[in-house]
2 protein chains.
Amino acid sequence: MKTLRLNANDRAVLLGSGFFEKLPTAASSAILDDVVVSMHEEHDVLFVQGEPLDHVFFVLSGLVRLYRLGKDGREADIAVFPKGELFGESAMFLGNRATANAQAIETAMLARIDSRKLRRLAEQSPEIAEALMQLLCRHAQMAEDCLAEDRLLTAPQRVASYILGNCPDGTLSFSFRLPFQKNVLAGKLGLAPEALSRAFSALRRSGVTVKGRVIEIHDRQALERF
Amino acid sequence: MKTLRLNANDRAVLLGSGFFEKLPTAASSAILDDVVVSMHEEHDVLFVQGEPLDHVFFVLSGLVRLYRLGKDGREADIAVFPKGELFGESAMFLGNRATANAQAIETAMLARIDSRKLRRLAEQSPEIAEALMQLLCRHAQMAEDCLAEDRLLTAPQRVASYILGNCPDGTLSFSFRLPFQKNVLAGKLGLAPEALSRAFSALRRSGVTVKGRVIEIHDRQALERF
DNA sequence: GTCATAATTTGATCGAGGTCAAATCATCAG
DNA sequence: CTGATGATTTGACCTCGATCAAATTATGAC
């Protein structure tokens with residue numbers, strides 16, 4: 001795996017992200033001090049469940065999928081991380097072992113933060129500790145949201161919920177572009193691609209238009225009721 | 001809601017729990033300083049999703065269920081907390097609003113820790129911050145485990161996995177008592193009670209005996225293969 | 001543009017698990 | 001011990017979404 005140093009642009013992406021933006025400059029600099037960047041092709045596996053993991057990853061570009069493997073080889077997505085997100089942090093507090101697999105969904109550039117060092121810095125800086133706690137909370141919430149949606153909503157309802165999550169409230173009509181293949185969305189929602197497709201066509205009756213990756217909503221209310 | 005002060009026994013339960021046992025005495029004392037205890041009957045609702053929440057709860061006795069409500073009134077369990085567990089901590093970092101409902105599953109005694117104060121203490125004490133991060137990680141893992149199991153395993157497999165989780169490895173034959181009604185286990189596993197019942201009877205063929213709340217395993221291997 | 005390949009959709013079938021109703025079993029107050 | 005109440009199990013049925021196969025539609029290399 002080829003690694004590089006952090007360039008100015010990468011640094012800007014890091015500093016502008018949710019995790020770093022609230023940190024004092026000194027804290028950010030300390031964290032980013034010896035960060036390296038690694039490049040990955042689509043499908044590259046970044047780490048494997050159960051194996052030692054001593055970095056926390058930041059997505060500089062591309063897309064990463066966290067997933068678990070079943071005995072039979074089937075895969076269950078835990079989360080999908082786009083540019084600007086930090087992941088792999090929970091291994092830090094669980095014996096430095098990955099609790100899931102991670103894979104690049106598309107060509108990705110990742111910043112690797114040494115997890116021992118980050119942990120040491122968190123001990124010294126309450127701001128870093130606080131940022132980590134918020135990150136952990138957000139990730140815990142994401143998992144709980146998924147769990148609740150899986151258990152409470154049908155496929156079309158989950159898709160409606162995903163669309164609404166990408167639609168500013170207040171608007172009645174809205175359009176946006178999926179940030180990844182339908183493939184990936186299906187995994188994220190815990191559906192087979194076929195089921196996602198059928199869910200979209202069920203939503204067509206409620207004023208949702210799908211053309212390639214572009215989703216158009218004509219009646220927010222109708223979606224909320226679904 | 002009737003509240004009491006912490007008595008010596010309660011204090012011992014707290015200090016012996018996973019969260020407090022690794023903390024220095026001074027830190028624990030500071031946290032427990034103004035803790036109050038509240039008693040709840042079975043079915044009592046402790047807090048409601050979306051409402052302000054400014055305590056973190058510790059289960060001194062009894063059982064508490066965290067769950068989300070669907071539009072149609074159905075409920076999805078997020079977690080079940082037995083004696084010795086701390087919960088409600090994630091609201092602390094998410095604007096002091098509950099992200100789920102909580103209900104006593106059986107008569108419960110809870111210690112209430114002021115969340116603002118705990119947060120302030122975490123800023124001053126790296127040990128407390130560390131303990132909180134570990135707690136958040138564990139809870140995130142619990143949710144991810146559930147999510148993965150829901151997506152990868154059938155009902156009998158989930159039950160087998162639950163049983164194995166309560167069975168020390170190395171043993172071939174083993175017996176234990178469910179810590180709660182089957183009712184509750186069903187919810188925790190994301191199943192209707194009927195489905196749990198049928199799952200148990202499917203496992204009977206693999207050497208699992210169920211008598212009331214007592215589960216007996218006669219062949220660990222067979223369960224693992226299931 | 002044209003082809004090759006990959007992504008998505010559609011059709012058909014099937015099985016897991018939800019729901020409702022009824023039967024059985026436990027538990028506990030008296 | 002005896003009901004009465006609640007928990008669990010069983011049966012019958014039905015729906016949702018998985019799976020497999022085939023058709024269709026992008027997408028990218030040339």
# chains A, B, ... in the order shown; residues from 1 in each chain; ligands from 1
$ residues_around --residues "Leu178 (chain B)" --least-positions-apart "5" --cutoff "8 Å" --atoms "only C-alpha atoms (C1' of nucleotides)" --output "JSON, numbers by chain"
{"B": [213, 214, 215]}
$ write_last_selection --atoms "N, CA and C atoms" --output "compact mmCIF listing (two decimals), in the first residue's frame"
# COMPACT_ATOMS: atom_id res chain seq x y z
N ARG B 213 -37.87 -20.82 32.48
CA ARG B 213 -36.79 -19.90 32.15
C ARG B 213 -35.43 -20.58 32.06
N VAL B 214 -35.40 -21.88 32.30
CA VAL B 214 -34.11 -22.57 32.32
C VAL B 214 -33.79 -23.17 30.95
N ILE B 215 -32.61 -22.82 30.45
CA ILE B 215 -32.17 -23.32 29.15
C ILE B 215 -31.05 -24.32 29.38
$ select_by_dssp --residues "region 87-131 of chain A" --states "helix (DSSP H, G or I)" --output "NGL selection string"
:A and (89-93 or 115-124 or 126-131)
$ closest_atom_pairs --of "chain A" --to "chain C" --cutoff "10 Å" --atoms "only C-alpha atoms (C1' of nucleotides)" --output "JSON lines"
{"residue": "A:Gln181", "atom": "CA", "partner": "C:DA7", "partner_atom": "C1'", "distance": 8.4}
{"residue": "A:Lys182", "atom": "CA", "partner": "C:DT8", "partner_atom": "C1'", "distance": 8.3}
{"residue": "A:Asn183", "atom": "CA", "partner": "C:DA7", "partner_atom": "C1'", "distance": 8.1}
{"residue": "A:Pro193", "atom": "CA", "partner": "C:DT8", "partner_atom": "C1'", "distance": 8.2}
{"residue": "A:Glu194", "atom": "CA", "partner": "C:DT9", "partner_atom": "C1'", "distance": 7.5}
{"residue": "A:Ser197", "atom": "CA", "partner": "C:DT9", "partner_atom": "C1'", "distance": 6.8}
{"residue": "A:Arg198", "atom": "CA", "partner": "C:DT9", "partner_atom": "C1'", "distance": 8.3}
{"residue": "A:Ser201", "atom": "CA", "partner": "C:DT9", "partner_atom": "C1'", "distance": 9.8}
{"residue": "A:Gly212", "atom": "CA", "partner": "C:DT8", "partner_atom": "C1'", "distance": 9.1}
$ interface_residues --of "chain D" --to "chain A" --cutoff "12 Å" --atoms "only C-alpha atoms (C1' of nucleotides)" --output "PyMOL selection string"
chain D and resi 15-20+25-27
$ select_by_dssp --residues "region 15-51 of chain B" --states "strand (DSSP E or B)" --output "MDAnalysis selection string"
chainID B and resid 36:40 45:47
$ interface_residues --of "chain A" --to "chain B" --cutoff "6 Å" --atoms "only C-alpha atoms" --output "list in words"
Gly70, Ala76, Ser90, Phe93, Glu123, Pro126, Met133, Gln134, Cys137, Ala140, Ala143, Glu144, Leu147, Ala148 and Leu152 of chain A
$ residues_around --residues "region 3-5 of chain A" --least-positions-apart "4" --cutoff "8 Å" --atoms "only C-alpha atoms (C1' of nucleotides)" --output "NGL selection string"
:A and (35-39)
$ atom_distance --atom1 "CA of Ser161 (chain B)" --atom2 "CA of Arg65 (chain B)"
20.2 Å
$ residues_around --residues "Val64 (chain B)" --least-positions-apart "3" --cutoff "8 Å" --atoms "only C-alpha atoms (C1' of nucleotides)" --output "ChimeraX atom specification"
/B:59,80-82,102-106,108
$ write_last_selection --atoms "C-alpha atoms" --output "tab-separated table (two decimals), in the first residue's frame"
chain	number	residue	atom	x	y	z
B	59	VAL	CA	-29.50	0.36	37.18
B	80	VAL	CA	-32.03	-4.00	27.59
B	81	PHE	CA	-30.06	-2.97	30.66
B	82	PRO	CA	-29.78	-5.20	33.71
B	102	ALA	CA	-36.92	3.99	28.28
B	103	GLN	CA	-39.20	1.87	30.39
B	104	ALA	CA	-38.82	-0.27	33.49
B	105	ILE	CA	-39.43	-3.89	32.51
B	106	GLU	CA	-39.64	-4.91	36.11
B	108	ALA	CA	-36.40	-1.01	39.18
